[in-house]
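Peer 1: For reference, this is input01.txt, and it has compact mmCIF, C-alpha atoms (C1' of nucleotides).
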```
# COMPACT_ATOMS: atom_id res chain seq x y z
CA MET A 111 9.51 -16.75 -34.40
CA GLY A 112 7.69 -13.43 -34.40
CA ALA A 113 4.52 -15.25 -33.52
CA TRP A 114 6.24 -16.78 -30.51
CA ARG A 115 7.42 -13.40 -29.33
CA ALA A 116 3.96 -11.96 -29.78
CA LEU A 117 2.48 -14.83 -27.78
CA LEU A 118 5.00 -14.30 -25.02
CA ALA A 119 4.43 -10.56 -24.86
CA ALA A 120 0.66 -10.73 -25.06
CA SER A 121 0.30 -13.42 -22.41
CA THR A 122 2.78 -11.85 -20.01
CA ARG A 123 1.27 -8.40 -20.21
CA LEU A 124 -2.31 -9.64 -20.19
CA LEU A 125 -1.60 -11.78 -17.17
CA SER A 126 -0.04 -9.01 -15.15
CA ARG A 127 -2.70 -6.52 -16.13
CA LEU A 128 -5.61 -8.78 -15.26
CA ASP A 129 -3.97 -9.79 -12.02
CA GLU A 130 -3.39 -6.19 -11.06
CA GLU A 131 -6.97 -5.18 -11.80
CA LEU A 132 -8.40 -8.11 -9.91
CA SER A 133 -6.12 -7.63 -6.92
CA ARG A 134 -6.87 -3.95 -6.75
CA ALA A 135 -10.64 -4.28 -7.08
CA HIS A 136 -11.25 -7.42 -5.04
CA ASP A 137 -8.01 -8.21 -3.23
CA LEU A 138 -7.95 -11.54 -5.03
CA ALA A 139 -5.03 -12.89 -7.04
CA LEU A 140 -5.76 -14.08 -10.55
CA ALA A 141 -4.51 -17.53 -9.60
CA ASP A 142 -7.04 -17.61 -6.75
CA TYR A 143 -9.74 -16.57 -9.16
CA GLU A 144 -8.85 -19.41 -11.49
CA VAL A 145 -9.18 -21.88 -8.65
CA LEU A 146 -12.57 -20.54 -7.61
CA ALA A 147 -13.77 -20.53 -11.21
CA GLN A 148 -12.74 -24.16 -11.69
CA LEU A 149 -14.53 -25.16 -8.51
CA SER A 150 -17.70 -23.33 -9.48
CA GLU A 151 -17.80 -25.24 -12.74
CA ALA A 152 -17.24 -28.63 -11.13
CA PRO A 153 -20.06 -30.98 -10.13
CA GLY A 154 -20.79 -30.33 -6.47
CA GLU A 155 -18.46 -27.32 -6.62
CA ALA A 156 -15.69 -29.67 -5.50
CA ARG A 157 -12.56 -31.13 -7.06
CA ARG A 158 -9.70 -33.38 -6.10
CA MET A 159 -6.44 -31.58 -5.43
CA ALA A 160 -4.51 -33.29 -8.22
CA ASP A 161 -7.24 -32.64 -10.80
CA LEU A 162 -7.48 -29.05 -9.77
CA ALA A 163 -3.71 -28.58 -9.91
CA GLU A 164 -3.71 -29.85 -13.50
CA ALA A 165 -6.66 -27.63 -14.39
CA VAL A 166 -5.07 -24.44 -13.11
CA MET A 167 -1.60 -25.46 -14.25
CA LEU A 168 0.12 -25.46 -10.90
CA SER A 169 2.27 -28.09 -9.24
CA ARG A 170 0.61 -30.00 -6.44
CA SER A 171 2.61 -28.19 -3.82
CA GLY A 172 1.71 -24.90 -5.38
CA LEU A 173 -1.96 -25.73 -5.23
CA THR A 174 -1.67 -26.92 -1.64
CA ARG A 175 -0.41 -23.51 -0.54
CA ARG A 176 -2.90 -21.65 -2.66
CA ILE A 177 -5.76 -23.62 -1.15
CA ASP A 178 -4.26 -22.88 2.27
CA GLY A 179 -4.76 -19.21 1.52
CA LEU A 180 -8.29 -19.65 0.24
CA VAL A 181 -9.20 -21.73 3.29
CA ALA A 182 -7.77 -19.03 5.56
CA ALA A 183 -9.91 -16.51 3.69
CA GLY A 184 -12.96 -18.74 4.16
CA LEU A 185 -13.60 -19.14 0.44
CA VAL A 186 -12.87 -22.87 0.27
CA VAL A 187 -12.93 -25.79 2.67
CA ARG A 188 -11.01 -29.03 2.55
CA GLN A 189 -12.93 -32.25 2.84
CA SER A 190 -11.52 -35.75 2.77
CA CYS A 191 -12.58 -37.73 -0.24
CA PRO A 192 -15.24 -40.34 0.59
CA SER A 193 -14.25 -42.74 -2.16
CA ASP A 194 -10.47 -42.59 -1.58
CA GLY A 195 -9.00 -42.05 1.86
CA ARG A 196 -5.82 -40.58 0.39
CA GLY A 197 -7.63 -37.88 -1.51
CA THR A 198 -8.70 -34.40 -0.47
CA LEU A 199 -11.51 -32.39 -1.98
CA ALA A 200 -11.43 -28.64 -2.25
CA VAL A 201 -15.01 -27.39 -1.91
CA LEU A 202 -16.36 -23.92 -2.59
CA THR A 203 -18.04 -22.21 0.37
CA SER A 204 -20.91 -19.78 0.01
CA ALA A 205 -18.49 -16.97 0.79
CA GLY A 206 -16.30 -18.31 -2.00
CA ARG A 207 -19.25 -18.32 -4.36
CA ARG A 208 -20.02 -14.71 -3.46
CA ALA A 209 -16.40 -13.63 -3.87
CA LEU A 210 -16.24 -15.26 -7.28
CA ALA A 211 -19.51 -13.69 -8.36
CA GLN A 212 -18.19 -10.25 -7.47
CA ALA A 213 -14.78 -10.78 -9.04
CA ALA A 214 -16.15 -12.33 -12.23
CA GLY A 215 -17.51 -9.00 -13.39
CA THR A 216 -14.13 -7.33 -13.16
CA HIS A 217 -12.32 -10.26 -14.71
CA VAL A 218 -14.64 -10.74 -17.64
CA ARG A 219 -14.67 -7.03 -18.32
CA GLY A 220 -10.86 -7.01 -18.27
CA VAL A 221 -10.57 -9.91 -20.68
CA ARG A 222 -13.01 -8.22 -23.00
CA GLU A 223 -11.35 -4.84 -22.82
CA HIS A 224 -7.74 -5.91 -23.15
CA PHE A 225 -8.11 -8.93 -25.37
CA VAL A 226 -11.43 -9.64 -27.05
CA ASP A 227 -12.20 -6.09 -28.11
CA CYS A 228 -8.82 -5.69 -29.81
CA LEU A 229 -9.64 -8.45 -32.27
CA SER A 230 -12.16 -9.16 -34.97
CA PRO A 231 -14.44 -12.16 -34.42
CA ASP A 232 -12.52 -14.06 -37.09
CA GLN A 233 -9.21 -13.34 -35.48
CA LEU A 234 -10.53 -14.35 -32.09
CA ALA A 235 -11.84 -17.65 -33.38
CA SER A 236 -8.60 -18.33 -35.20
CA VAL A 237 -6.55 -17.60 -32.10
CA ALA A 238 -8.75 -19.81 -29.96
CA ASP A 239 -8.46 -22.69 -32.43
CA ALA A 240 -4.75 -22.40 -32.92
CA LEU A 241 -3.78 -21.97 -29.29
CA GLY A 242 -6.22 -24.61 -28.18
CA LEU A 243 -4.40 -27.01 -30.45
CA VAL A 244 -0.99 -25.98 -29.15
CA ALA A 245 -2.09 -26.28 -25.54
CA GLU A 246 -3.62 -29.67 -26.07
CA ARG A 247 -0.55 -31.04 -27.79
CA LEU A 248 1.64 -29.81 -24.96
CA ALA A 249 -0.70 -31.23 -22.34
CA ARG A 250 -0.53 -34.65 -23.98
CA GLY A 251 3.17 -34.70 -24.83
CA ARG A 252 4.80 -35.98 -21.66
CA PRO A 253 8.09 -34.40 -20.58
CA THR A 254 10.31 -36.09 -23.18
CA ASP A 255 13.89 -36.33 -21.96
CA CYS A 256 14.77 -34.52 -25.21
CA ARG A 257 18.38 -33.66 -24.38
CA ALA A 258 19.43 -32.32 -27.78
CA GLY A 259 21.63 -29.26 -28.17
CA ARG A 260 23.85 -29.63 -31.21
CA ALA A 261 25.99 -26.55 -31.78
CA HIS A 262 26.04 -25.00 -35.21
CA ALA A 263 28.83 -23.69 -37.42
CA PRO A 264 30.36 -20.37 -36.31
CA GLY A 265 28.98 -18.16 -39.06
CA GLN A 266 29.59 -14.41 -39.21
CA PRO A 267 31.31 -12.75 -36.24
CA ALA A 268 28.17 -11.07 -34.94
CA GLN A 269 25.89 -8.11 -35.50
CA PRO A 270 23.96 -8.92 -38.65
CA GLY A 271 20.63 -9.43 -36.93
CA GLY A 272 21.39 -11.20 -33.69
CA LEU A 273 22.29 -14.78 -33.02
CA GLU A 274 18.78 -16.03 -32.48
CA VAL A 275 17.52 -15.04 -35.89
CA GLU A 276 20.74 -16.39 -37.33
CA ALA A 277 20.04 -19.74 -35.74
CA ALA A 278 16.49 -19.60 -37.05
CA VAL A 279 17.82 -19.13 -40.56
CA VAL A 280 20.22 -22.04 -40.14
CA LEU A 281 17.43 -24.33 -39.02
CA GLU A 282 15.19 -23.13 -41.83
CA ARG A 283 14.95 -26.56 -43.44
CA MET B 219 -13.54 -16.39 -23.02
CA GLY B 220 -12.44 -19.70 -24.48
CA ALA B 221 -9.80 -17.87 -26.46
CA TRP B 222 -8.44 -16.38 -23.25
CA ARG B 223 -8.24 -19.79 -21.64
CA ALA B 224 -6.49 -21.19 -24.68
CA LEU B 225 -4.01 -18.34 -24.61
CA LEU B 226 -3.35 -18.90 -20.93
CA ALA B 227 -2.88 -22.64 -21.32
CA ALA B 228 -0.74 -22.44 -24.43
CA SER B 229 1.58 -19.78 -23.08
CA THR B 230 1.97 -21.39 -19.67
CA ARG B 231 2.72 -24.84 -21.02
CA LEU B 232 4.92 -23.57 -23.84
CA LEU B 233 6.91 -21.47 -21.41
CA SER B 234 7.56 -24.26 -18.98
CA ARG B 235 8.37 -26.74 -21.71
CA LEU B 236 10.84 -24.48 -23.48
CA ASP B 237 12.43 -23.51 -20.18
CA GLU B 238 12.82 -27.12 -19.18
CA GLU B 239 14.40 -28.11 -22.49
CA LEU B 240 16.78 -25.19 -22.44
CA SER B 241 17.78 -25.72 -18.83
CA ARG B 242 18.35 -29.39 -19.37
CA ALA B 243 20.37 -29.04 -22.55
CA HIS B 244 22.39 -25.92 -21.75
CA ASP B 245 21.86 -25.17 -18.07
CA LEU B 246 20.41 -21.81 -19.09
CA ALA B 247 17.06 -20.45 -17.96
CA LEU B 248 14.71 -19.23 -20.67
CA ALA B 249 14.75 -15.78 -19.08
CA ASP B 250 18.54 -15.73 -19.36
CA TYR B 251 18.25 -16.74 -22.96
CA GLU B 252 15.88 -13.88 -23.65
CA VAL B 253 18.36 -11.44 -22.16
CA LEU B 254 21.24 -12.78 -24.24
CA ALA B 255 19.10 -12.75 -27.38
CA GLN B 256 18.12 -9.13 -26.83
CA LEU B 257 21.74 -8.16 -26.30
CA SER B 258 22.89 -9.97 -29.42
CA GLU B 259 20.37 -8.01 -31.49
CA ALA B 260 21.31 -4.65 -30.03
CA PRO B 261 23.85 -2.31 -31.65
CA GLY B 262 27.20 -3.00 -30.01
CA GLU B 263 25.64 -6.00 -28.26
CA ALA B 264 24.88 -3.67 -25.37
CA ARG B 265 21.74 -2.21 -23.83
CA ARG B 266 20.78 0.03 -20.96
CA MET B 267 19.31 -1.80 -17.97
CA ALA B 268 15.93 -0.08 -18.11
CA ASP B 269 15.54 -0.69 -21.85
CA LEU B 270 16.48 -4.29 -21.44
CA ALA B 271 14.08 -4.76 -18.54
CA GLU B 272 11.24 -3.47 -20.69
CA ALA B 273 12.30 -5.67 -23.61
CA VAL B 274 12.36 -8.87 -21.60
CA MET B 275 9.33 -7.88 -19.52
CA LEU B 276 10.98 -7.94 -16.12
CA SER B 277 10.98 -5.34 -13.39
CA ARG B 278 14.21 -3.41 -12.96
CA SER B 279 15.07 -5.26 -9.82
CA GLY B 280 14.38 -8.56 -11.51
CA LEU B 281 16.72 -7.69 -14.32
CA THR B 282 19.41 -6.52 -11.89
CA ARG B 283 19.49 -9.93 -10.27
CA ARG B 284 19.33 -11.78 -13.54
CA ILE B 285 22.27 -9.79 -14.87
CA ASP B 286 24.07 -10.57 -11.62
CA GLY B 287 23.76 -14.22 -12.50
CA LEU B 288 24.89 -13.76 -16.08
CA VAL B 289 27.88 -11.70 -14.93
CA ALA B 290 28.80 -14.43 -12.44
CA ALA B 291 28.59 -16.93 -15.30
CA GLY B 292 30.83 -14.71 -17.43
CA LEU B 293 28.27 -14.27 -20.19
CA VAL B 294 27.71 -10.55 -19.68
CA VAL B 295 29.68 -7.64 -18.27
CA ARG B 296 28.43 -4.39 -16.79
CA GLN B 297 29.86 -1.18 -18.12
CA SER B 298 28.97 2.32 -17.00
CA CYS B 299 27.22 4.32 -19.66
CA PRO B 300 29.49 6.94 -21.23
CA SER B 301 26.69 9.37 -22.06
CA ASP B 302 24.89 9.17 -18.69
CA GLY B 303 26.71 8.61 -15.44
CA ARG B 304 23.64 7.12 -13.84
CA GLY B 305 23.23 4.47 -16.47
CA THR B 306 24.67 0.99 -16.73
CA LEU B 307 25.15 -0.99 -19.89
CA ALA B 308 24.87 -4.75 -20.02
CA VAL B 309 27.29 -5.99 -22.66
CA LEU B 310 27.55 -9.44 -24.18
CA THR B 311 30.91 -11.18 -23.75
CA SER B 312 32.36 -13.59 -26.25
CA ALA B 313 31.45 -16.41 -23.87
CA GLY B 314 27.93 -15.05 -23.82
CA ARG B 315 27.85 -15.03 -27.59
CA ARG B 316 29.01 -18.62 -27.69
CA ALA B 317 26.48 -19.71 -25.07
CA LEU B 318 23.68 -18.06 -27.00
CA ALA B 319 24.79 -19.60 -30.27
CA GLN B 320 24.67 -23.05 -28.70
CA ALA B 321 21.35 -22.51 -26.97
CA ALA B 322 19.67 -20.92 -29.96
CA GLY B 323 19.55 -24.22 -31.78
CA THR B 324 17.66 -25.90 -28.98
CA HIS B 325 15.35 -22.98 -28.44
CA VAL B 326 14.44 -22.44 -32.07
CA ARG B 327 13.88 -26.15 -32.53
CA GLY B 328 11.60 -26.19 -29.50
CA VAL B 329 9.53 -23.28 -30.69
CA ARG B 330 9.15 -24.92 -34.04
CA GLU B 331 8.29 -28.31 -32.66
CA HIS B 332 5.83 -27.25 -29.99
CA PHE B 333 4.30 -24.20 -31.60
CA VAL B 334 4.98 -23.46 -35.24
CA ASP B 335 4.59 -26.99 -36.54
CA CYS B 336 1.19 -27.40 -34.89
CA LEU B 337 -0.25 -24.61 -37.02
CA SER B 338 -0.87 -23.85 -40.66
CA PRO B 339 0.98 -20.86 -42.07
CA ASP B 340 -2.32 -18.95 -42.17
CA GLN B 341 -3.04 -19.70 -38.55
CA LEU B 342 0.45 -18.72 -37.55
CA ALA B 343 0.23 -15.40 -39.34
CA SER B 344 -3.16 -14.71 -37.87
CA VAL B 345 -1.97 -15.48 -34.36
CA ALA B 346 1.08 -13.29 -34.79
CA ASP B 347 -1.03 -10.39 -36.03
CA ALA B 348 -3.67 -10.68 -33.38
CA LEU B 349 -1.38 -11.15 -30.41
CA GLY B 350 0.99 -8.51 -31.66
CA LEU B 351 -1.91 -6.09 -31.57
CA VAL B 352 -2.94 -7.15 -28.09
CA ALA B 353 0.60 -6.89 -26.77
CA GLU B 354 1.12 -3.49 -28.28
CA ARG B 355 -2.10 -2.12 -26.85
CA LEU B 356 -1.19 -3.38 -23.42
CA ALA B 357 2.32 -1.98 -23.68
CA ARG B 358 0.94 1.48 -24.51
CA GLY B 359 -1.97 1.50 -22.08
CA ARG B 360 -0.38 2.75 -18.90
CA PRO B 361 -1.53 1.17 -15.63
CA THR B 362 -4.92 2.86 -15.51
CA ASP B 363 -6.17 3.11 -11.95
CA CYS B 364 -9.24 1.33 -13.27
CA ARG B 365 -10.75 0.43 -9.90
CA ALA B 366 -14.09 -0.85 -11.15
CA GLY B 367 -15.77 -3.87 -9.61
CA ARG B 368 -19.51 -3.45 -9.70
CA ALA B 369 -21.30 -6.51 -8.43
CA HIS B 370 -24.04 -8.02 -10.52
CA ALA B 371 -27.50 -9.27 -9.70
CA PRO B 372 -27.60 -12.62 -7.82
CA GLY B 373 -28.99 -14.81 -10.57
CA GLN B 374 -29.54 -18.56 -10.18
CA PRO B 375 -28.20 -20.22 -6.99
CA ALA B 376 -25.31 -21.98 -8.66
CA GLN B 377 -24.38 -25.01 -10.73
CA PRO B 378 -25.69 -24.23 -14.22
CA GLY B 379 -22.31 -23.76 -15.82
CA GLY B 380 -20.18 -22.04 -13.21
CA LEU B 381 -20.16 -18.47 -12.05
CA GLU B 382 -17.62 -17.21 -14.51
CA VAL B 383 -19.57 -18.16 -17.58
CA GLU B 384 -22.67 -16.83 -15.89
CA ALA B 385 -20.97 -13.47 -15.44
CA ALA B 386 -19.86 -13.58 -19.05
CA VAL B 387 -23.46 -14.04 -20.12
CA VAL B 388 -24.59 -11.17 -17.93
CA LEU B 389 -22.00 -8.86 -19.44
CA GLU B 390 -22.85 -10.03 -22.95
CA ARG B 391 -23.89 -6.61 -24.25
C1' DG C 1252 -4.62 -62.12 4.22
C1' DC C 1253 0.02 -59.76 3.60
C1' DC C 1254 3.67 -57.14 1.91
C1' DA C 1255 5.69 -54.42 -1.66
C1' DA C 1256 4.87 -50.96 -5.13
C1' DC C 1257 2.24 -47.14 -5.96
C1' DA C 1258 -0.59 -42.76 -5.46
C1' DC C 1259 -2.15 -38.49 -2.85
C1' DA C 1260 -1.25 -34.53 -0.38
C1' DT C 1261 1.84 -31.87 2.39
C1' DT C 1262 6.29 -29.76 4.10
C1' DG C 1263 11.44 -28.11 3.78
C1' DC C 1264 14.26 -25.68 0.98
C1' DG C 1265 16.08 -22.96 -2.67
C1' DT C 1266 15.08 -19.79 -6.43
C1' DC C 1267 12.80 -16.17 -8.81
C1' DT C 1268 10.12 -12.01 -8.74
C1' DG C 1269 8.14 -7.37 -7.60
C1' DC C 1270 7.46 -3.40 -4.48
C1' DA C 1271 9.31 0.07 -1.69
C1' DA C 1272 13.26 2.35 0.05
C1' DC C 1273 17.84 4.06 -0.87
C1' DT C 1274 22.01 6.22 -3.25
C1' DA C 1275 23.99 8.48 -7.12
C1' DT C 1276 23.49 11.31 -11.05
C1' DT C 1277 21.19 14.47 -14.23
C1' DC C 1278 17.91 18.04 -15.47
C1' DC C 1279 15.54 22.37 -15.06
C1' DG C 1280 13.73 26.71 -13.29
C1' DA C 1281 14.81 30.78 -10.50
C1' DT D 218 24.92 28.96 -10.42
C1' DC D 219 22.27 26.56 -7.25
C1' DG D 220 18.75 23.59 -5.23
C1' DG D 221 14.78 20.70 -5.80
C1' DA D 222 12.55 17.28 -8.79
C1' DA D 223 13.12 13.47 -11.67
C1' DT D 224 15.56 9.31 -13.26
C1' DA D 225 18.89 5.02 -13.14
C1' DG D 226 20.16 1.25 -10.84
C1' DT D 227 20.59 -1.57 -6.61
C1' DT D 228 19.12 -3.73 -2.18
C1' DG D 229 15.82 -5.34 1.86
C1' DC D 230 11.97 -7.73 2.26
C1' DA D 231 8.05 -10.65 1.49
C1' DG D 232 5.37 -13.68 -1.48
C1' DA D 233 4.86 -17.43 -4.94
C1' DC D 234 6.48 -21.44 -7.09
C1' DG D 235 8.68 -26.12 -8.08
C1' DC D 236 11.47 -30.12 -6.72
C1' DA D 237 12.56 -33.59 -3.59
C1' DA D 238 11.57 -35.90 0.62
C1' DT D 239 7.97 -37.44 3.87
C1' DG D 240 3.83 -39.48 5.95
C1' DT D 241 -0.41 -41.71 5.02
C1' DG D 242 -3.48 -44.62 2.55
C1' DT D 243 -4.48 -47.97 -1.34
C1' DT D 244 -3.89 -51.85 -4.52
C1' DG D 245 -2.20 -56.04 -6.77
C1' DG D 246 0.67 -60.35 -6.75
C1' DC D 247 1.36 -64.36 -3.99
```
Could I get this file's structure written as structure tokens?
Peer 2:
Amino acid sequence: MGAWRALLAASTRLLSRLDEELSRAHDLALADYEVLAQLSEAPGEARRMADLAEAVMLSRSGLTRRIDGLVAAGLVVRQSCPSDGRGTLAVLTSAGRRALAQAAGTHVRGVREHFVDCLSPDQLASVADALGLVAERLARGRPTDCRAGRAHAPGQPAQPGGLEVEAAVVLER
Amino acid sequence: MGAWRALLAASTRLLSRLDEELSRAHDLALADYEVLAQLSEAPGEARRMADLAEAVMLSRSGLTRRIDGLVAAGLVVRQSCPSDGRGTLAVLTSAGRRALAQAAGTHVRGVREHFVDCLSPDQLASVADALGLVAERLARGRPTDCRAGRAHAPGQPAQPGGLEVEAAVVLER
DNA sequence: GCCAACACATTGCGTCTGCAACTATTCCGA
DNA sequence: TCGGAATAGTTGCAGACGCAATGTGTTGGC
């Protein structure tokens, strides 16, 4: 349970810090950066909207609006998909490539400073392995309708540690 | 850099999954749960707004509105702070305690299922250590005005791996 | 070939969040 | 003791996001 709290705290704070640094230095949101980075790694620097949404972990509507912004900024263009008339491709422009190249320095430096440099190489590898596993399992596991929610016996009135840790103890095998 | 992506993916997916399960089973947002859990662990089941905001990683205005919701739901009451007329205490009600007790089962089970059970005890401990360190460093490090952003030399036109990884290589010592 | 089921992307709407501005209260130096 | 600076919490406003509904295009059974 402590590990979960550490994960929550580290990711939340890291996210807001990196976003702040990137926004301040290059007027580019971290989410925009992620989109540009995904495009730059794709063959032809182009990806289908749905693929891209999955890759950057946004809903389709969320990606639509984010691409709107990048198109307005001239960093991306939309292009209808040749092989499927329903599809739309998001394609990196040369301005987008330049913007990413500039921002990448700040971003990579931030990740190194606030994350990588705090850890030993062993720790880093272990974290990458472990969280990669967790992420993959969650990506596969489809939204089960999992509507559980059994209540548990009353227990002590309150106070001795908080109800969450109490519940954790109860569930402890 | 892979570790950072794994962290991002794992935290994002874990967050949305746990929130969905909790909302579905108990009609309670994960953020609300975090607030209730913090209160239940506090002496007197009460905390100052600013403290609580820091603990649950929300802005003060964000917490104000979230407490508004919890007060409307009868799970929390506001109480003016006896020792400081400016302050406000958020205090758990008995209904809040009950709601937390019910939700805790679902939440703890979800954390175990989607996170803890994917990992060996060693991995879990290592992740907790490492991310605890990262989170603590970020919590201390005040918002440095860190307005860096040096551009780097052009390099190859594009394509060979994406611009982000290219930048990572450039910064590699 | 044709129509129904399906898939892709977008838009309307509601919710959540943070920043900046504001009010109320406390603290501290003259 | 008094007045300005700092702090606590709330509110106006704008931006980001997801869900559900919509329009458009595709595919498979007949």
Peer 1: For a quick test of understanding: name the residues of chain D lying within 8 Å of chain B when counting all atoms listed in the file, and present them as a PyMOL selection string.
Peer 2: chain D and resi 225-227
Peer 1: If you measure from CA of Arg123 in chain A to CA of His224 in chain A, what distance in Å do you get, rounded to one decimal?
Peer 2: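 If I compute the distance from CA of Arg123 in chain A to CA of His224 in chain A, I get 9.8 Å.
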Peer 1: Given a cut-off of 9 Å, which residues of chain C touch chain B, counting all atoms listed in the file, written out as a list in words?
Peer 2: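 Within 9 Å of chain B on chain C, we get DC1267, DT1268, DG1269, DA1275, DT1276 and DT1277 of chain C.
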Peer 1: Name the residues in contact with DA1271 in chain C at a cut-off of 12 Å, using all atoms listed in the file, excluding same-chain residues fewer than 4 positions from it; report them as number ranges by chain.
Peer 2: B: 279; D: 228-231
Peer 1: Kindly indicate which residue among B:Ala228, B:Ile285, B:Val334, B:Met219 lies nearest to chain A, using all atoms listed in the file for the distances.
Peer 2: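 Counting all atoms listed in the file, the residue closest to chain A is B:Ala228.
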Peer 1: Range 295-298 of chain B: which residues within 6 Å, counting only C-alpha atoms (C1' of nucleotides), same-chain residues fewer than 5 positions away excluded, as an MDAnalysis selection string?
Peer 2: chainID B and resid 289 306:309
Peer 1: Excluding same-chain residues fewer than 3 positions from range 338-348 of chain B, what lies within 6 Å of it counting all atoms listed in the file, as number ranges by chain?
Peer 2: A: 113, 116, 237; B: 351
